[in-house]
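Below is target-v2.cif, which holds mmCIF, C-alpha atoms and all ligand atoms.
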data_final
loop_
_atom_site.group_PDB
_atom_site.id
_atom_site.type_symbol
_atom_site.label_atom_id
_atom_site.label_comp_id
_atom_site.auth_asym_id
_atom_site.auth_seq_id
_atom_site.Cartn_x
_atom_site.Cartn_y
_atom_site.Cartn_z
ATOM 1 C CA MET A 1 70.950 62.068 87.942
ATOM 2 C CA ALA A 2 70.860 61.355 84.216
ATOM 3 C CA PHE A 3 68.656 59.353 81.843
ATOM 4 C CA LYS A 4 70.500 56.167 82.762
ATOM 5 C CA ASP A 5 69.510 56.574 86.431
ATOM 6 C CA ILE A 6 65.780 56.935 85.805
ATOM 7 C CA ILE A 7 63.683 53.942 86.769
ATOM 8 C CA GLY A 8 61.129 53.141 84.047
ATOM 9 C CA HIS A 9 59.914 55.298 81.124
ATOM 10 C CA SER A 10 62.332 53.532 78.795
ATOM 11 C CA LYS A 11 60.227 54.191 75.699
ATOM 12 C CA PRO A 12 60.035 58.011 75.962
ATOM 13 C CA ILE A 13 63.682 58.142 77.048
ATOM 14 C CA THR A 14 64.801 56.014 74.081
ATOM 15 C CA LEU A 15 62.865 58.297 71.716
ATOM 16 C CA LEU A 16 64.504 61.411 73.147
ATOM 17 C CA GLN A 17 67.986 59.881 73.178
ATOM 18 C CA ARG A 18 67.605 58.736 69.596
ATOM 19 C CA ALA A 19 66.579 62.273 68.600
ATOM 20 C CA ILE A 20 69.716 63.680 70.241
ATOM 21 C CA LYS A 21 72.056 61.095 68.700
ATOM 22 C CA ASN A 22 70.550 61.503 65.227
ATOM 23 C CA GLU A 23 70.323 65.292 65.565
ATOM 24 C CA LYS A 24 66.589 65.078 65.045
ATOM 25 C CA VAL A 25 65.469 67.072 68.073
ATOM 26 C CA VAL A 26 62.266 68.911 67.162
ATOM 27 C CA ASN A 27 61.201 72.373 68.301
ATOM 28 C CA SER A 28 58.164 71.491 70.381
ATOM 29 C CA TYR A 29 57.263 68.439 72.420
ATOM 30 C CA LEU A 30 54.201 67.505 74.402
ATOM 31 C CA PHE A 31 54.851 65.079 77.259
ATOM 32 C CA LEU A 32 51.544 63.462 78.127
ATOM 33 C CA GLY A 33 50.904 61.288 81.192
ATOM 34 C CA SER A 34 49.289 61.354 84.626
ATOM 35 C CA GLU A 35 50.291 63.673 87.453
ATOM 36 C CA GLY A 36 53.473 62.809 89.323
ATOM 37 C CA ILE A 37 54.533 60.162 86.830
ATOM 38 C CA GLY A 38 57.922 61.754 86.087
ATOM 39 C CA LYS A 39 57.386 63.937 82.989
ATOM 40 C CA ARG A 40 59.071 67.007 84.457
ATOM 41 C CA TYR A 41 61.982 64.932 85.640
ATOM 42 C CA VAL A 42 62.552 63.412 82.204
ATOM 43 C CA ALA A 43 62.186 66.889 80.642
ATOM 44 C CA LEU A 44 64.936 68.214 82.912
ATOM 45 C CA GLN A 45 67.265 65.320 82.036
ATOM 46 C CA PHE A 46 66.563 66.040 78.368
ATOM 47 C CA ALA A 47 67.462 69.714 78.941
ATOM 48 C CA LYS A 48 70.652 68.600 80.702
ATOM 49 C CA THR A 49 71.671 66.283 77.886
ATOM 50 C CA LEU A 50 71.001 68.948 75.241
ATOM 51 C CA ASN A 51 73.315 71.337 77.103
ATOM 52 C CA CYS A 52 75.834 68.917 78.587
ATOM 53 C CA LEU A 53 79.503 69.731 77.952
ATOM 54 C CA GLY A 54 80.709 66.167 78.613
ATOM 55 C CA GLU A 55 81.401 63.373 76.114
ATOM 56 C CA GLU A 56 78.312 61.471 77.278
ATOM 57 C CA ALA A 57 76.096 64.049 75.553
ATOM 58 C CA GLU A 58 76.982 62.663 72.111
ATOM 59 C CA ARG A 59 75.806 59.242 73.263
ATOM 60 C CA GLY A 60 72.503 60.721 74.382
ATOM 61 C CA ASP A 61 72.932 61.222 78.109
ATOM 62 C CA ALA A 62 74.072 63.896 80.545
ATOM 63 C CA CYS A 63 77.462 63.591 82.261
ATOM 64 C CA ASP A 64 76.103 64.951 85.544
ATOM 65 C CA ARG A 65 79.485 66.524 86.321
ATOM 66 C CA CYS A 66 80.003 69.499 84.007
ATOM 67 C CA SER A 67 79.108 73.067 84.994
ATOM 68 C CA SER A 68 76.012 73.014 82.784
ATOM 69 C CA CYS A 69 74.619 69.799 84.311
ATOM 70 C CA LYS A 70 75.274 71.124 87.822
ATOM 71 C CA LYS A 71 73.600 74.454 87.107
ATOM 72 C CA ILE A 72 70.488 72.721 85.773
ATOM 73 C CA ASP A 73 70.400 70.403 88.785
ATOM 74 C CA HIS A 74 70.408 73.448 91.049
ATOM 75 C CA ALA A 75 67.913 75.387 88.911
ATOM 76 C CA LEU A 76 70.578 78.015 88.214
ATOM 77 C CA HIS A 77 70.974 77.664 84.452
ATOM 78 C CA PRO A 78 69.843 80.872 82.709
ATOM 79 C CA ASP A 79 68.773 79.041 79.546
ATOM 80 C CA ILE A 80 66.382 76.629 81.195
ATOM 81 C CA LEU A 81 62.961 78.132 81.791
ATOM 82 C CA LEU A 82 60.557 76.231 83.986
ATOM 83 C CA ILE A 83 57.085 77.729 83.864
ATOM 84 C CA GLU A 84 54.714 76.491 86.522
ATOM 85 C CA PRO A 85 51.051 77.321 87.102
ATOM 86 C CA ILE A 86 50.153 80.184 89.396
ATOM 87 C CA GLY A 87 46.902 79.421 91.206
ATOM 88 C CA GLN A 88 44.560 77.637 88.821
ATOM 89 C CA GLY A 89 46.899 77.421 85.869
ATOM 90 C CA ILE A 90 49.296 79.085 83.461
ATOM 91 C CA ARG A 91 48.473 82.784 83.051
ATOM 92 C CA LYS A 92 48.607 84.979 80.015
ATOM 93 C CA GLU A 93 51.375 87.158 81.515
ATOM 94 C CA GLN A 94 53.563 84.082 82.007
ATOM 95 C CA VAL A 95 53.316 83.157 78.336
ATOM 96 C CA ILE A 96 54.080 86.749 77.278
ATOM 97 C CA GLU A 97 57.097 86.789 79.598
ATOM 98 C CA MET A 98 58.245 83.431 78.203
ATOM 99 C CA GLN A 99 58.039 84.753 74.654
ATOM 100 C CA ARG A 100 60.020 87.837 75.650
ATOM 101 C CA GLU A 101 62.763 85.617 77.121
ATOM 102 C CA LEU A 102 62.834 83.411 74.047
ATOM 103 C CA ALA A 103 63.490 86.397 71.823
ATOM 104 C CA TYR A 104 67.122 86.420 73.036
ATOM 105 C CA ARG A 105 69.757 83.910 72.036
ATOM 106 C CA PRO A 106 70.740 81.371 74.689
ATOM 107 C CA TYR A 107 72.967 83.102 77.246
ATOM 108 C CA GLU A 108 75.493 80.332 77.692
ATOM 109 C CA GLY A 109 73.946 76.986 76.807
ATOM 110 C CA LYS A 110 73.786 75.162 73.499
ATOM 111 C CA HIS A 111 69.992 75.086 73.686
ATOM 112 C CA ARG A 112 67.414 77.138 75.443
ATOM 113 C CA VAL A 113 64.851 74.755 76.876
ATOM 114 C CA CYS A 114 61.491 75.987 78.024
ATOM 115 C CA ILE A 115 59.441 73.536 80.091
ATOM 116 C CA LEU A 116 55.845 74.648 80.384
ATOM 117 C CA THR A 117 54.164 72.505 83.019
ATOM 118 C CA ALA A 118 50.357 72.192 83.176
ATOM 119 C CA ALA A 119 49.791 72.913 79.481
ATOM 120 C CA ASP A 120 46.295 71.504 80.012
ATOM 121 C CA ARG A 121 45.614 74.278 82.498
ATOM 122 C CA MET A 122 46.299 77.376 80.451
ATOM 123 C CA ALA A 123 44.123 80.451 80.757
ATOM 124 C CA HIS A 124 41.616 81.013 77.946
ATOM 125 C CA ASP A 125 43.173 84.321 76.989
ATOM 126 C CA ILE A 126 46.574 82.839 76.132
ATOM 127 C CA PRO A 127 47.904 84.850 73.166
ATOM 128 C CA ASN A 128 47.662 83.305 69.721
ATOM 129 C CA THR A 129 51.329 84.074 69.219
ATOM 130 C CA LEU A 130 52.052 80.983 71.335
ATOM 131 C CA LEU A 131 51.025 78.849 68.353
ATOM 132 C CA LYS A 132 53.544 80.649 66.188
ATOM 133 C CA THR A 133 56.226 80.193 68.869
ATOM 134 C CA LEU A 134 55.481 76.467 69.059
ATOM 135 C CA GLU A 135 55.634 76.087 65.321
ATOM 136 C CA GLU A 136 58.728 78.154 64.735
ATOM 137 C CA PRO A 137 60.542 78.781 67.986
ATOM 138 C CA PRO A 138 63.653 80.962 67.915
ATOM 139 C CA LEU A 139 66.886 79.245 66.922
ATOM 140 C CA HIS A 140 68.351 76.716 69.411
ATOM 141 C CA THR A 141 65.126 76.617 71.381
ATOM 142 C CA VAL A 142 63.184 73.559 72.472
ATOM 143 C CA ILE A 143 59.779 73.944 74.075
ATOM 144 C CA ILE A 144 58.396 71.084 76.150
ATOM 145 C CA LEU A 145 54.770 71.181 77.227
ATOM 146 C CA LEU A 146 53.717 68.857 80.046
ATOM 147 C CA ALA A 147 50.109 67.758 80.472
ATOM 148 C CA ASN A 148 47.941 65.120 82.141
ATOM 149 C CA ASN A 149 44.918 65.415 79.919
ATOM 150 C CA SER A 150 45.140 65.893 76.153
ATOM 151 C CA ARG A 151 41.404 66.668 75.910
ATOM 152 C CA LEU A 152 42.015 69.953 77.725
ATOM 153 C CA ILE A 153 44.624 71.121 75.209
ATOM 154 C CA LEU A 154 43.648 73.111 72.146
ATOM 155 C CA PRO A 155 43.909 70.964 68.993
ATOM 156 C CA THR A 156 45.900 73.769 67.384
ATOM 157 C CA ILE A 157 48.535 73.374 70.122
ATOM 158 C CA LEU A 158 48.451 69.567 69.980
ATOM 159 C CA SER A 159 49.061 69.530 66.251
ATOM 160 C CA ARG A 160 52.208 71.627 66.582
ATOM 161 C CA CYS A 161 54.000 69.359 69.050
ATOM 162 C CA GLN A 162 55.589 65.947 68.881
ATOM 163 C CA LEU A 163 53.613 63.837 71.318
ATOM 164 C CA ILE A 164 55.523 61.681 73.789
ATOM 165 C CA ARG A 165 53.387 59.474 76.004
ATOM 166 C CA PHE A 166 54.286 58.488 79.544
ATOM 167 C CA ASN A 167 52.550 55.345 80.794
ATOM 168 C CA PRO A 168 51.975 54.475 84.448
ATOM 169 C CA LEU A 169 54.967 52.649 85.918
ATOM 170 C CA PRO A 170 54.586 49.022 87.020
ATOM 171 C CA VAL A 171 53.963 48.711 90.782
ATOM 172 C CA PRO A 172 57.291 46.889 91.477
ATOM 173 C CA LEU A 173 59.213 49.748 89.830
ATOM 174 C CA VAL A 174 57.457 52.398 91.925
ATOM 175 C CA SER A 175 58.123 50.290 95.005
ATOM 176 C CA ARG A 176 61.826 49.938 94.106
ATOM 177 C CA TRP A 177 62.110 53.684 93.510
ATOM 178 C CA LEU A 178 60.523 54.436 96.892
ATOM 179 C CA MET A 179 63.022 52.156 98.613
ATOM 180 C CA GLU A 180 66.151 53.111 96.668
ATOM 181 C CA SER A 181 65.602 56.830 96.217
ATOM 182 C CA LYS A 182 63.408 57.763 99.145
ATOM 183 C CA GLY A 183 64.445 55.296 101.844
ATOM 184 C CA PHE A 184 61.045 53.705 102.504
ATOM 185 C CA ASP A 185 61.024 50.231 104.038
ATOM 186 C CA GLU A 186 59.750 47.360 101.918
ATOM 187 C CA ALA A 187 56.299 47.111 103.525
ATOM 188 C CA GLU A 188 55.407 50.791 103.246
ATOM 189 C CA ALA A 189 56.916 51.075 99.753
ATOM 190 C CA GLY A 190 54.797 48.105 98.617
ATOM 191 C CA LEU A 191 51.596 49.579 100.053
ATOM 192 C CA LEU A 192 52.178 53.070 98.615
ATOM 193 C CA ALA A 193 53.223 51.680 95.233
ATOM 194 C CA SER A 194 50.102 49.541 95.002
ATOM 195 C CA LEU A 195 47.958 52.644 95.601
ATOM 196 C CA SER A 196 49.995 54.975 93.381
ATOM 197 C CA GLU A 197 48.353 54.165 90.034
ATOM 198 C CA GLY A 198 51.865 53.903 88.640
ATOM 199 C CA SER A 199 52.829 57.432 89.644
ATOM 200 C CA PRO A 200 55.827 57.910 91.984
ATOM 201 C CA GLY A 201 54.637 61.462 92.677
ATOM 202 C CA LYS A 202 51.250 60.212 93.831
ATOM 203 C CA ALA A 203 52.907 57.615 96.079
ATOM 204 C CA LEU A 204 54.762 60.411 97.877
ATOM 205 C CA GLU A 205 51.736 62.645 97.997
ATOM 206 C CA ILE A 206 49.502 60.098 99.744
ATOM 207 C CA GLN A 207 52.073 58.801 102.245
ATOM 208 C CA GLU A 208 50.826 60.841 105.225
ATOM 209 C CA GLU A 209 47.160 60.077 104.585
ATOM 210 C CA ILE A 210 47.920 56.373 104.248
ATOM 211 C CA ARG A 211 49.830 56.356 107.527
ATOM 212 C CA GLN A 212 46.795 57.804 109.270
ATOM 213 C CA ILE A 213 44.366 55.145 108.026
ATOM 214 C CA PRO A 214 43.616 52.749 110.911
ATOM 215 C CA ARG A 215 44.059 49.603 108.809
ATOM 216 C CA GLU A 216 43.880 47.205 111.740
ATOM 217 C CA GLU A 217 40.656 48.796 113.003
ATOM 218 C CA LEU A 218 39.147 48.488 109.526
ATOM 219 C CA LEU A 219 39.900 44.788 109.490
ATOM 220 C CA LYS A 220 38.526 44.250 112.980
ATOM 221 C CA ASP A 221 35.303 45.985 112.000
ATOM 222 C CA TRP A 222 34.983 43.587 109.112
ATOM 223 C CA VAL A 223 35.508 40.563 111.345
ATOM 224 C CA GLY A 224 32.565 41.614 113.504
ATOM 225 C CA LEU A 225 30.484 42.586 110.533
ATOM 226 C CA LYS A 226 27.646 40.127 111.001
ATOM 227 C CA SER A 227 26.923 41.309 114.510
ATOM 228 C CA LEU A 228 27.060 44.978 113.587
ATOM 229 C CA SER A 229 23.857 46.864 114.239
ATOM 230 C CA PHE A 230 22.489 49.648 112.065
ATOM 231 C CA GLU A 231 23.661 52.108 114.733
ATOM 232 C CA ARG A 232 27.156 50.640 114.723
ATOM 233 C CA ILE A 233 27.356 50.809 110.948
ATOM 234 C CA GLY A 234 26.035 54.369 111.079
ATOM 235 C CA SER A 235 28.658 55.449 113.584
ATOM 236 C CA TRP A 236 31.381 53.620 111.616
ATOM 237 C CA VAL A 237 30.418 55.531 108.486
ATOM 238 C CA GLY A 238 30.258 58.725 110.541
ATOM 239 C CA SER A 239 33.810 58.170 111.763
ATOM 240 C CA LEU A 240 35.205 58.184 108.215
ATOM 241 C CA PRO A 241 36.570 61.385 106.725
ATOM 242 C CA SER A 242 34.023 63.534 104.968
ATOM 243 C CA GLN A 243 36.370 64.599 102.188
ATOM 244 C CA ARG A 244 35.649 62.534 99.105
ATOM 245 C CA GLU A 245 39.319 62.164 98.118
ATOM 246 C CA ASN A 246 40.341 60.830 101.533
ATOM 247 C CA LEU A 247 37.411 58.468 101.561
ATOM 248 C CA ILE A 248 38.310 57.092 98.136
ATOM 249 C CA LEU A 249 41.832 56.477 99.404
ATOM 250 C CA ILE A 250 40.431 54.454 102.344
ATOM 251 C CA LEU A 251 38.327 52.413 99.917
ATOM 252 C CA GLU A 252 41.427 51.832 97.764
ATOM 253 C CA VAL A 253 43.282 50.613 100.861
ATOM 254 C CA ALA A 254 40.315 48.351 101.681
ATOM 255 C CA LYS A 255 40.557 46.965 98.157
ATOM 256 C CA THR A 256 44.211 46.016 98.674
ATOM 257 C CA MET A 257 43.213 44.316 101.960
ATOM 258 C CA LEU A 258 40.563 42.251 100.208
ATOM 259 C CA ARG A 259 43.159 41.387 97.580
ATOM 260 C CA ASP A 260 45.445 40.160 100.391
ATOM 261 C CA LEU A 261 42.603 38.122 101.892
ATOM 262 C CA VAL A 262 42.005 36.447 98.515
ATOM 263 C CA MET A 263 45.737 35.684 98.294
ATOM 264 C CA LEU A 264 45.713 34.191 101.800
ATOM 265 C CA LYS A 265 42.690 32.121 100.893
ATOM 266 C CA THR A 266 43.977 30.782 97.608
ATOM 267 C CA LEU A 267 47.767 30.569 97.974
ATOM 268 C CA LYS A 268 48.698 28.318 100.835
ATOM 269 C CA LYS A 269 52.456 28.888 100.713
ATOM 270 C CA GLY A 270 53.186 32.335 102.154
ATOM 271 C CA PRO A 271 51.757 34.684 99.539
ATOM 272 C CA LYS A 272 53.418 38.089 99.145
ATOM 273 C CA LEU A 273 50.996 40.395 100.907
ATOM 274 C CA ILE A 274 50.696 44.165 100.615
ATOM 275 C CA HIS A 275 49.684 44.365 104.297
ATOM 276 C CA SER A 276 52.203 41.803 105.512
ATOM 277 C CA ASP A 277 52.347 43.541 108.917
ATOM 278 C CA LEU A 278 48.691 42.644 109.513
ATOM 279 C CA VAL A 279 48.867 38.953 108.652
ATOM 280 C CA GLN A 280 47.873 37.905 112.203
ATOM 281 C CA VAL A 281 44.622 39.861 111.986
ATOM 282 C CA MET A 282 43.966 38.835 108.395
ATOM 283 C CA GLU A 283 44.311 35.101 108.730
ATOM 284 C CA PRO A 284 41.142 34.590 110.841
ATOM 285 C CA VAL A 285 39.151 36.755 108.405
ATOM 286 C CA ALA A 286 40.454 34.761 105.452
ATOM 287 C CA THR A 287 39.426 31.577 107.215
ATOM 288 C CA ARG A 288 35.976 32.823 108.078
ATOM 289 C CA TRP A 289 35.031 34.251 104.690
ATOM 290 C CA SER A 290 34.534 32.009 101.679
ATOM 291 C CA LEU A 291 36.275 32.843 98.433
ATOM 292 C CA SER A 292 32.980 33.629 96.715
ATOM 293 C CA SER A 293 31.957 36.030 99.486
ATOM 294 C CA LEU A 294 35.392 37.719 99.338
ATOM 295 C CA LEU A 295 35.020 38.209 95.603
ATOM 296 C CA ARG A 296 31.467 39.458 96.068
ATOM 297 C CA ARG A 297 32.655 41.995 98.639
ATOM 298 C CA MET A 298 35.395 43.101 96.276
ATOM 299 C CA GLU A 299 32.829 43.745 93.569
ATOM 300 C CA ILE A 300 30.585 45.701 95.982
ATOM 301 C CA LEU A 301 33.592 47.734 97.107
ATOM 302 C CA HIS A 302 34.518 48.437 93.500
ATOM 303 C CA GLN A 303 30.995 49.601 92.653
ATOM 304 C CA THR A 304 30.858 51.774 95.794
ATOM 305 C CA THR A 305 34.177 53.404 94.884
ATOM 306 C CA LEU A 306 32.933 54.144 91.377
ATOM 307 C CA ALA A 307 29.682 55.606 92.758
ATOM 308 C CA ILE A 308 31.548 57.842 95.226
ATOM 309 C CA LYS A 309 33.932 58.968 92.489
ATOM 310 C CA ALA A 310 30.838 59.857 90.455
ATOM 311 C CA ASN A 311 29.581 62.080 93.311
ATOM 312 C CA ALA A 312 27.092 59.718 94.959
ATOM 313 C CA ASN A 313 25.999 60.554 98.517
ATOM 314 C CA THR A 314 28.934 59.111 100.475
ATOM 315 C CA SER A 315 27.078 58.122 103.673
ATOM 316 C CA LEU A 316 24.316 56.324 101.808
ATOM 317 C CA ALA A 317 26.766 54.535 99.521
ATOM 318 C CA LEU A 318 28.916 53.383 102.453
ATOM 319 C CA GLU A 319 25.970 52.234 104.556
ATOM 320 C CA ALA A 320 24.618 50.246 101.621
ATOM 321 C CA MET A 321 28.070 48.716 101.123
ATOM 322 C CA MET A 322 28.396 47.676 104.767
ATOM 323 C CA LEU A 323 24.890 46.212 104.844
ATOM 324 C CA SER A 324 25.459 44.095 101.774
ATOM 325 C CA TRP A 325 28.840 43.029 103.120
ATOM 326 C CA ALA A 326 27.174 41.943 106.346
ATOM 327 C CA GLU A 327 24.967 39.578 104.376
ATOM 328 C CA GLY A 328 28.036 37.379 104.047
HETATM 329 ZN ZN ZN B 401 77.202 67.453 81.715
#
Could the structure of this file be written out as structure tokens, please?
Ligand SMILES: [Zn+2]
Amino acid sequence: MAFKDIIGHSKPITLLQRAIKNEKVVNSYLFLGSEGIGKRYVALQFAKTLNCLGEEAERGDACDRCSSCKKIDHALHPDILLIEPIGQGIRKEQVIEMQRELAYRPYEGKHRVCILTAADRMAHDIPNTLLKTLEEPPLHTVIILLANNSRLILPTILSRCQLIRFNPLPVPLVSRWLMESKGFDEAEAGLLASLSEGSPGKALEIQEEIRQIPREELLKDWVGLKSLSFERIGSWVGSLPSQRENLILILEVAKTMLRDLVMLKTLKKGPKLIHSDLVQVMEPVATRWSLSSLLRRMEILHQTTLAIKANANTSLALEAMMLSWAEG
């Protein structure tokens, strides 16, 4: 795997490749973007290119064949340090150990590359010497900090790094990656991608939970919504997972179902559905519900999701949602 094989992130990759080709690689970078989006992966390809022994390196990419590239791929290269959080975050001892390692020249590579993941989760007692290291790292050393949230990084650290932003990937790209690199079929890849918020890592992380969501049952409950009693709604809400995160995922899935229903309602010629496997169950619902009531339900669902994300009482919020849905 090299830069050329990465799907998406063309802007950060172009910036890094240009820096290599123009010999303008700086000492410290901050890769900023949401969890699972591919920052660590790009950082590793950057480390490979900086150390690659092949001709491709001069053109800004790794050859993927030389001993250096292979060692980095197998996490065996002594000059590539990958520092990951222990427990809640990066600990003081890890930073001290990193600085000790950086004091030596690279063992065999052209550059020592230190990738510090979770730079937004560093302990409060991180030594001040880190600032000095970021500003003036030892010769032939590149430090790459990875973070999801810039507000949790000390301004003094931020100001010492070149910021490279990673934006969420478009849904079709995540879907393509899931199919080509991970072997998902088209339907599942499409569903996971649409719930991934543009993060391939998140798509993989939620796959098991998504598989366990009884999507067909959800739809059938909606079809019978008008005849649902208070008790039935209560027991339906009771049957949902109590963990807020899982519940939010179910609501996100419900949102994609409503989106499919709107598509079925408005596009007569075979719209591309996220839940294409459930088209038989969806068609009667799309027929029964008017477009305005579908859109109204979408809005209620959206507001409920926001309320639950903001720590509202989940049972009350869901019951209120189902009751207003039942109004038609
Ligand atoms: Zn190489």
Original post:
Expressed in Å to a single decimal, how great is the separation between CA of Arg244 (chain A) and CA of Pro170 (chain A)?
Top reply: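 Result for CA of Arg244 (chain A) versus CA of Pro170 (chain A): 26.2 Å, one decimal.
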Subject >> ligand ZN 401 (chain B) neighbours within 9 Å using all atoms listed in the file, as a ChimeraX atom specification >> reply: /A:48-49,51-57,61-70
Can you sort out the box for region 168-177 of chain A, edges along x, y and z, all listed atoms in, 4 Å on every side, with centre and edge lengths in Å to one decimal, as AutoDock Vina command-line options?
--center_x 57.0 --center_y 50.7 --center_z 89.7 --size_x 18.1 --size_y 15.6 --size_z 18.6
To test your reading of the syntax: which residues would the PyMOL selection byres (((chain A and resi 275) around 10) and not hetatm) return for the file shown? Reply as a PDB file with C-alpha atoms, in the frame of the given file.
ATOM      1  CA  ALA A 187      56.299  47.111 103.525  1.00  0.00           C
ATOM      2  CA  GLU A 188      55.407  50.791 103.246  1.00  0.00           C
ATOM      3  CA  GLY A 190      54.797  48.105  98.617  1.00  0.00           C
ATOM      4  CA  LEU A 191      51.596  49.579 100.053  1.00  0.00           C
ATOM      5  CA  ARG A 215      44.059  49.603 108.809  1.00  0.00           C
ATOM      6  CA  GLU A 216      43.880  47.205 111.740  1.00  0.00           C
ATOM      7  CA  VAL A 253      43.282  50.613 100.861  1.00  0.00           C
ATOM      8  CA  THR A 256      44.211  46.016  98.674  1.00  0.00           C
ATOM      9  CA  MET A 257      43.213  44.316 101.960  1.00  0.00           C
ATOM     10  CA  ARG A 259      43.159  41.387  97.580  1.00  0.00           C
ATOM     11  CA  ASP A 260      45.445  40.160 100.391  1.00  0.00           C
ATOM     12  CA  LEU A 261      42.603  38.122 101.892  1.00  0.00           C
ATOM     13  CA  LYS A 272      53.418  38.089  99.145  1.00  0.00           C
ATOM     14  CA  LEU A 273      50.996  40.395 100.907  1.00  0.00           C
ATOM     15  CA  ILE A 274      50.696  44.165 100.615  1.00  0.00           C
ATOM     16  CA  SER A 276      52.203  41.803 105.512  1.00  0.00           C
ATOM     17  CA  ASP A 277      52.347  43.541 108.917  1.00  0.00           C
ATOM     18  CA  LEU A 278      48.691  42.644 109.513  1.00  0.00           C
ATOM     19  CA  VAL A 279      48.867  38.953 108.652  1.00  0.00           C
ATOM     20  CA  MET A 282      43.966  38.835 108.395  1.00  0.00           C
TER      21      MET A 282
END
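Using the PyMOL selection byres (((chain A and resi 322-324) around 9) and not hetatm) on the file at hand returns these residues: Trp222, Leu225, Phe230, Ile233, Val237, Arg297, Ile300, Ala317, Leu318, Glu319, Ala320, Met321, Trp325, Ala326, Glu327 and Gly328 of chain A.
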Who sits within 12 Å of Leu154 (chain A), only C-alpha atoms, same chain under 5 positions skipped, as a JSON list (two decimals) with C-alpha atoms, in the coordinates of the input:
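Writing done, so here's selection-v6.json:
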[["chain", "number", "residue", "atom", "x", "y", "z"],
["A", 119, "ALA", "CA", 49.79, 72.91, 79.48],
["A", 120, "ASP", "CA", 46.30, 71.50, 80.01],
["A", 121, "ARG", "CA", 45.61, 74.28, 82.50],
["A", 122, "MET", "CA", 46.30, 77.38, 80.45],
["A", 123, "ALA", "CA", 44.12, 80.45, 80.76],
["A", 124, "HIS", "CA", 41.62, 81.01, 77.95],
["A", 126, "ILE", "CA", 46.57, 82.84, 76.13],
["A", 128, "ASN", "CA", 47.66, 83.30, 69.72],
["A", 130, "LEU", "CA", 52.05, 80.98, 71.33],
["A", 131, "LEU", "CA", 51.02, 78.85, 68.35],
["A", 147, "ALA", "CA", 50.11, 67.76, 80.47],
["A", 149, "ASN", "CA", 44.92, 65.42, 79.92],
["A", 159, "SER", "CA", 49.06, 69.53, 66.25],
["A", 160, "ARG", "CA", 52.21, 71.63, 66.58],
["A", 161, "CYS", "CA", 54.00, 69.36, 69.05]]
**OP:** For CA of Ile210 (chain A) and CA of Glu245 (chain A), determine how far apart the two atoms are, in Å to one decimal place.
**Re:**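 We find that CA of Ile210 (chain A) and CA of Glu245 (chain A) lie 12.0 Å from each other.
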Original post:
Between CA of Leu258 (chain A) and CA of Ala312 (chain A), what is the spacing in Å?
Top reply: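 Interatomic distance, CA of Ala312 (chain A) to CA of Leu258 (chain A): 22.7 Å.
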**OP:** May I have the residues within 12 Å of Thr266 (chain A) as number ranges by chain, using only C-alpha atoms and disregarding those fewer than 3 positions away in the same chain?
**Re:** A: 259-263, 269-271, 283, 286-287, 289-292, 294-295
Subject >> Among listed residues A:Met98, A:Val174, A:Thr117, A:Leu247, nearest Ile308 (chain A) (using all atoms listed in the file) >> reply: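 Going through A:Met98, A:Val174, A:Thr117, A:Leu247 one by one, the smallest distance to Ile308 (chain A) is for A:Leu247.
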Subject >> Pick from A:Pro106, A:Gly89, A:Pro127, A:Pro172, whichever lies nearest to Leu139 (chain A) using only C-alpha atoms >> reply: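 Ranking A:Pro106, A:Gly89, A:Pro127, A:Pro172 by distance to Leu139 (chain A), first place goes to A:Pro106.
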**OP:** Kindly resolve the PyMOL selection byres (((chain A and resi 17-28) around 6) and not hetatm) on the present coordinates and return the residues as a list in words.
**Re:**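 For this structure, the PyMOL selection byres (((chain A and resi 17-28) around 6) and not hetatm) resolves to Thr14, Leu15, Leu16, Tyr29, Gly60, Leu134, Val142, Ile143, Ile144 and Cys161 of chain A.
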Original post:
Quick one: of A:Ile13, A:Ile164, A:Val113, A:Ala307, who's nearest to Thr141 (chain A), counting only C-alpha atoms?
Top reply: A:Val113
**OP:** May I ask which of the residues A:Gly198, A:Arg165, A:Ser10, A:Ala254 is the closest one to Ser150 (chain A), counting all atoms listed in the file?
**Re:** A:Arg165
Subject >> For Asn313 (chain A), the nearest of the candidates A:Ser242, A:Ala189, A:Glu299, A:Ile213, counting all atoms listed in the file >> reply: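 Between A:Ser242, A:Ala189, A:Glu299, A:Ile213, the residue approaching Asn313 (chain A) most closely is A:Ser242.
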**OP:** Name the closest residue to Glu35 (chain A) among the candidates A:Leu146, A:Ala193, A:Leu158, A:Met298; distances are taken between atoms, counting all atoms listed in the file.
**Re:** A:Leu146
